[in-house]
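Text of target_35.cif (mmCIF, C-alpha atoms) as supplied:
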```cif
data_query
#
loop_
_atom_site.label_atom_id
_atom_site.label_comp_id
_atom_site.auth_asym_id
_atom_site.auth_seq_id
_atom_site.Cartn_x
_atom_site.Cartn_y
_atom_site.Cartn_z
CA MET O 11 8.28 46.19 9.08
CA LYS O 12 9.11 46.83 12.71
CA ILE O 13 6.43 48.97 14.30
CA TRP O 14 7.17 48.79 17.99
CA SER O 15 10.23 48.26 20.09
CA THR O 16 11.31 49.00 23.62
CA GLU O 17 14.11 48.39 26.06
CA HIS O 18 14.00 47.65 29.76
CA VAL O 19 16.68 47.10 32.39
CA PHE O 20 16.30 44.60 35.23
CA SER O 21 18.51 45.25 38.25
CA TYR O 22 19.50 41.61 38.46
CA PRO O 23 22.21 39.57 36.78
CA TRP O 24 21.40 37.76 33.56
CA GLU O 25 21.26 34.25 35.04
CA THR O 26 18.66 35.37 37.61
CA VAL O 27 16.50 37.03 34.98
CA ILE O 28 16.47 34.16 32.54
CA LYS O 29 15.76 31.59 35.25
CA ALA O 30 12.69 33.71 35.99
CA ALA O 31 11.86 34.04 32.29
CA MET O 32 11.89 30.26 31.96
CA ARG O 33 9.40 30.01 34.83
CA LYS O 34 7.38 33.06 33.90
CA TYR O 35 3.93 31.45 34.08
CA PRO O 36 1.80 31.49 36.11
CA ASN O 37 2.10 34.99 37.50
CA PRO O 38 -0.47 37.50 38.69
CA MET O 39 0.23 39.97 35.85
CA ASN O 40 -0.67 37.58 33.06
CA PRO O 41 -3.81 35.83 34.27
CA SER O 42 -5.03 35.17 30.75
CA VAL O 43 -2.25 32.65 30.06
CA VAL O 44 -3.94 29.41 31.00
CA GLY O 45 -1.72 26.76 29.47
CA VAL O 46 1.95 26.38 28.64
CA ASP O 47 3.54 23.30 27.09
CA VAL O 48 6.98 22.47 25.82
CA LEU O 49 6.71 20.80 22.44
CA ASP O 50 10.37 20.29 21.78
CA ARG O 51 13.66 20.99 23.44
CA ASN O 52 17.18 20.33 22.26
CA LEU O 53 20.77 21.46 22.37
CA ASP O 54 22.32 22.58 19.10
CA PRO O 55 25.93 21.86 18.11
CA GLU O 56 27.00 25.21 19.60
CA GLY O 57 25.60 24.23 22.99
CA ARG O 58 22.61 26.56 22.83
CA LEU O 59 19.31 25.36 24.29
CA HIS O 60 16.32 25.56 21.94
CA SER O 61 12.79 25.30 23.28
CA HIS O 62 9.57 25.28 21.31
CA ARG O 63 6.54 26.06 23.40
CA LEU O 64 2.80 26.37 22.96
CA LEU O 65 0.93 28.92 25.03
CA SER O 66 -2.81 29.12 25.32
CA THR O 67 -4.60 32.24 26.40
CA GLU O 68 -8.15 32.69 27.52
CA TRP O 69 -9.42 36.20 27.04
CA GLY O 70 -12.88 35.67 28.54
CA LEU O 71 -14.50 37.30 25.55
CA PRO O 72 -18.02 38.49 26.23
CA GLY O 73 -20.78 36.49 24.59
CA ILE O 74 -21.59 39.17 22.02
CA VAL O 75 -18.03 39.24 20.74
CA ARG O 76 -18.00 35.49 20.45
CA ALA O 77 -21.27 35.63 18.51
CA ILE O 78 -19.82 38.18 16.09
CA MET O 79 -16.65 36.18 15.63
CA GLY O 80 -18.81 33.17 14.99
CA THR O 81 -16.84 30.96 17.26
CA SER O 82 -17.32 29.27 20.57
CA HIS O 83 -13.55 28.99 20.86
CA THR O 84 -12.25 31.70 23.14
CA ARG O 85 -8.80 30.20 23.39
CA THR O 86 -6.02 31.69 21.32
CA TYR O 87 -2.73 29.94 20.83
CA VAL O 88 0.78 31.26 20.46
CA LYS O 89 3.89 29.35 19.51
CA GLU O 90 7.25 30.43 20.88
CA HIS O 91 10.81 29.49 20.02
CA SER O 92 13.52 30.41 22.51
CA ILE O 93 17.28 30.06 22.37
CA VAL O 94 19.51 30.29 25.44
CA ASP O 95 23.23 30.76 24.79
CA PRO O 96 25.00 30.29 28.13
CA GLU O 97 28.40 31.35 26.72
CA GLU O 98 27.31 34.52 24.94
CA LYS O 99 24.73 35.13 27.70
CA THR O 100 21.79 35.79 25.48
CA MET O 101 18.26 34.51 25.64
CA GLU O 102 16.14 35.15 22.61
CA LEU O 103 12.42 34.44 22.31
CA CYS O 104 10.33 34.67 19.16
CA SER O 105 6.62 34.16 19.23
CA THR O 106 3.66 34.38 16.89
CA ASN O 107 -0.04 33.66 17.13
CA ILE O 108 -1.22 30.52 15.38
CA THR O 109 -4.93 31.16 15.76
CA LEU O 110 -6.88 34.18 14.45
CA THR O 111 -4.21 34.31 11.76
CA ASN O 112 -6.84 35.26 9.18
CA LEU O 113 -7.40 38.47 11.15
CA VAL O 114 -4.09 39.48 12.65
CA SER O 115 -0.48 38.45 13.08
CA VAL O 116 1.46 39.45 16.15
CA ASP O 117 5.13 38.56 15.93
CA GLU O 118 7.23 39.35 18.92
CA ARG O 119 10.93 39.08 19.64
CA LEU O 120 12.58 39.45 23.04
CA VAL O 121 16.29 39.36 23.79
CA TYR O 122 17.75 39.30 27.29
CA ARG O 123 21.45 40.04 27.69
CA PRO O 124 23.76 41.56 30.30
CA HIS O 125 24.00 45.33 30.10
CA PRO O 126 27.09 46.26 28.08
CA ASP O 127 28.16 48.82 30.72
CA ASN O 128 27.20 46.86 33.83
CA PRO O 129 27.36 43.06 33.85
CA ASP O 130 25.32 42.89 37.06
CA VAL O 131 22.16 44.08 35.36
CA THR O 132 20.20 42.78 32.40
CA VAL O 133 18.79 44.51 29.35
CA LEU O 134 15.64 43.29 27.65
CA THR O 135 15.03 44.52 24.11
CA GLN O 136 11.60 43.78 22.83
CA GLU O 137 10.07 44.36 19.43
CA ALA O 138 6.84 43.48 17.71
CA ILE O 139 5.34 43.53 14.26
CA ILE O 140 1.61 43.60 14.03
CA THR O 141 -0.08 42.95 10.72
CA VAL O 142 -3.81 43.38 10.34
CA LYS O 143 -4.76 41.15 7.44
CA GLY O 144 -6.13 42.78 4.33
CA VAL O 145 -6.06 46.27 5.83
CA SER O 146 -3.19 48.67 5.51
CA LEU O 147 -2.28 49.79 8.99
CA SER O 148 -3.10 53.44 9.42
CA SER O 149 -0.93 55.47 11.74
CA TYR O 150 -3.86 55.70 14.16
CA LEU O 151 -4.12 51.94 14.42
CA GLU O 152 -0.36 51.68 14.75
CA GLY O 153 -0.48 54.18 17.59
CA MET O 154 -3.16 52.17 19.38
CA MET O 155 -1.21 48.96 18.89
CA ALA O 156 1.95 50.57 20.23
CA LEU O 157 0.12 51.72 23.36
CA ARG O 158 -1.25 48.24 23.89
CA MET O 159 2.17 46.67 23.37
CA SER O 160 3.73 49.09 25.87
CA ALA O 161 1.10 48.26 28.48
CA ASN O 162 1.58 44.56 27.94
CA ALA O 163 5.35 44.88 27.97
CA ARG O 164 5.18 46.64 31.34
CA LYS O 165 3.09 43.75 32.66
CA GLY O 166 5.70 41.35 31.35
CA TRP O 167 8.56 43.19 33.12
CA ASP O 168 6.53 43.27 36.34
CA ALA O 169 5.93 39.56 35.97
CA ILE O 170 9.66 38.81 35.70
CA GLU O 171 10.46 41.05 38.68
CA TRP O 172 7.70 39.36 40.67
CA ILE O 173 9.05 35.90 39.90
CA ILE O 174 12.60 36.94 40.84
CA GLN O 175 11.51 38.50 44.12
CA ASN O 176 9.33 35.57 45.10
CA SER O 177 12.14 33.14 44.38
CA GLU O 178 14.77 35.25 46.15
CA ARG O 179 12.70 35.35 49.32
CA GLU O 180 13.10 31.62 49.72
CA ASN O 181 16.85 31.95 50.10
CA VAL O 182 17.35 35.13 52.10
CA PRO O 183 16.70 35.00 55.85
CA LEU O 184 14.68 37.92 57.09
CA CYS O 185 16.66 38.41 60.28
CA ASP O 186 20.25 37.80 61.24
CA LEU O 187 19.96 36.47 64.75
CA TYR O 188 23.68 35.97 65.35
CA MET T 15 -2.65 29.54 44.23
CA LEU T 16 1.12 29.75 44.32
CA PHE T 17 2.84 31.83 41.67
CA GLY T 18 6.32 31.91 40.30
CA GLN T 19 6.77 28.21 39.92
CA SER T 20 5.98 26.59 36.65
CA ASP T 21 4.97 23.42 38.44
CA HIS T 22 1.71 25.26 39.10
CA MET T 23 0.88 26.04 35.50
CA ASN T 24 -1.55 23.92 33.55
CA SER T 25 -0.91 22.04 30.37
CA VAL T 26 -2.86 22.83 27.23
CA GLY T 27 -4.17 19.28 27.57
CA GLU T 28 -6.02 18.99 30.87
CA GLY T 29 -4.98 15.39 31.43
CA CYS T 30 -1.31 16.24 30.91
CA THR T 31 -0.89 18.76 33.73
CA ASP T 32 0.67 16.35 36.22
CA LEU T 33 3.16 15.07 33.64
CA LYS T 34 3.96 18.63 32.65
CA ARG T 35 4.61 19.77 36.21
CA GLU T 36 6.84 16.81 36.93
CA TYR T 37 8.85 17.50 33.78
CA ASP T 38 9.02 21.26 34.48
CA GLN T 39 10.44 20.69 37.96
CA CYS T 40 13.09 18.38 36.55
CA PHE T 41 13.94 20.79 33.73
CA ASN T 42 14.09 23.91 35.92
CA ARG T 43 16.50 22.18 38.28
CA TRP T 44 18.71 21.00 35.43
CA PHE T 45 18.56 24.39 33.74
CA ALA T 46 19.62 26.35 36.87
CA GLU T 47 22.09 23.90 38.39
CA LYS T 48 23.69 22.29 35.34
CA PHE T 49 23.06 24.03 32.05
CA LEU T 50 23.68 27.61 33.20
CA LYS T 51 26.79 26.52 35.10
CA GLY T 52 28.34 24.98 32.01
CA ASP T 53 27.72 21.39 33.06
CA ARG T 54 26.98 19.42 29.90
CA SER T 55 26.45 16.09 31.61
CA GLY T 56 23.35 14.25 30.39
CA ASP T 57 19.80 15.45 30.57
CA PRO T 58 18.02 13.64 33.43
CA CYS T 59 14.58 14.56 32.17
CA THR T 60 14.39 12.64 28.86
CA GLU T 61 12.08 9.85 30.00
CA MET T 62 9.75 12.27 31.74
CA PHE T 63 9.69 14.43 28.64
CA LYS T 64 8.71 11.51 26.40
CA LYS T 65 5.72 10.63 28.58
CA TYR T 66 4.67 14.26 28.78
CA GLN T 67 5.05 14.76 25.02
CA HIS T 68 2.98 11.72 24.19
CA CYS T 69 0.13 13.20 26.19
CA VAL T 70 0.46 16.71 24.78
CA GLN T 71 0.64 15.64 21.14
CA LYS T 72 -2.59 13.70 21.61
CA ALA T 73 -4.27 16.73 23.19
CA ILE T 74 -3.10 18.97 20.33
CA LYS T 75 -4.63 16.63 17.77
CA GLU T 76 -7.87 16.32 19.74
CA LYS T 77 -8.21 20.08 20.08
CA ASP T 78 -7.20 20.66 16.50
CA ILE T 79 -4.55 23.19 17.47
CA PRO T 80 -2.82 24.36 14.28
CA ILE T 81 0.71 23.88 15.47
CA ASP T 82 2.19 23.03 12.09
CA GLY T 83 2.69 25.61 9.43
CA VAL T 84 2.77 29.39 9.97
CA GLU T 85 6.12 30.96 9.18
CA PHE T 86 7.32 33.42 11.75
CA MET T 87 10.13 35.83 12.34
CA GLY T 88 12.84 33.64 13.71
CA PRO T 89 16.30 34.30 15.10
CA ASN T 90 19.10 34.89 12.66
CA LYS T 91 20.09 31.48 11.38
CA ASP T 92 23.13 32.76 9.55
CA LYS T 93 25.44 32.64 12.55
CA PRO T 94 28.89 31.32 11.70
#
```
Show the structure stored in the file as structure tokens.
Amino acid sequence: MKIWSTEHVFSYPWETVIKAAMRKYPNPMNPSVVGVDVLDRNLDPEGRLHSHRLLSTEWGLPGIVRAIMGTSHTRTYVKEHSIVDPEEKTMELCSTNITLTNLVSVDERLVYRPHPDNPDVTVLTQEAIITVKGVSLSSYLEGMMALRMSANARKGWDAIEWIIQNSERENVPLCDLY
Amino acid sequence: MLFGQSDHMNSVGEGCTDLKREYDQCFNRWFAEKFLKGDRSGDPCTEMFKKYQHCVQKAIKEKDIPIDGVEFMGPNKDKP
């Protein structure tokens, strides 16, 4: 059941965007991501690069929330599988939370590919399925989730742009003195 | 703190951060300069990755991170 999806265009070619996506963390828009590890990486027979990563996030939950949740663990973990196809020019990422799974599941899928009408820019399609365990998702809750996903998605796009711009600056001289 | 370079991100296992950053630098270079340019010549980061992995797997066990199990929406595996 797909409940949220969006599309965004980056004004950079695909290679630039995915190099940034690979180096997305740390960035100032996602300060709650505190740990990223690669668990496995391999090339498949078609020459596509698979990466399995573990991300840890620290939400800084206030003490009262922690007391209610009955846990001193404020870290949540997400596992992510990405596939980069350098021939087809697609990068696909799928992620899901592996903690708090008794409460909620957030499955997200992102695909970066060149824009079909303009190969110099990149389209990101992003979709998410959120399942609150044991509770049927009312349209109100769905609406709230969608708002949250949109806000987070915007942060994600800003993060990629930020990474691109801060990498570009290293290569472009500010002044042409000749 | 510098942003935009994954050699400044921490590992999930505190003691593994240096190994992670070393591996990330190697990988990012290979990814940008070889892989994306169609160069399939060997992966120069294998040894570094092994050391880094050894550390991370230990940290995962110590922290009891539930990395195994949990089915999730994956990419279409039915590609020809």
Compute the chain O side of the contact with chain T at 7 Å, counting all atoms listed in the file, and hand it back as a ChimeraX atom specification.
/O:29,33-37,44-47,49,66,96,104,106,108,117,173,176
Smallest atom-to-atom distance to Asn107 in chain O: which of O:Ser42, O:Ser92, O:Gln136, O:Thr67, using only C-alpha atoms?
O:Thr67
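The interatomic distance for the pair CA of Gly56 in chain T and CA of Lys89 in chain O works out to 26.9 Å.
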Could you give me, as a PyMOL selection string, the residues that sit within 7 Å of (23.6, 34.6, 30.5) in the file's coordinates, counting only C-alpha atoms?
chain O and resi 24-25+95-100+123-124
If you measure from CA of Met32 in chain O to CA of Leu33 in chain T, what distance in Å do you get, rounded to one decimal?
17.6 Å
Nearby residues (all atoms listed in the file) at most 9 Å from Pro58 in chain T, same-chain spacing under 4 positions excluded, as a PyMOL selection string
chain T and resi 40-41+44+62
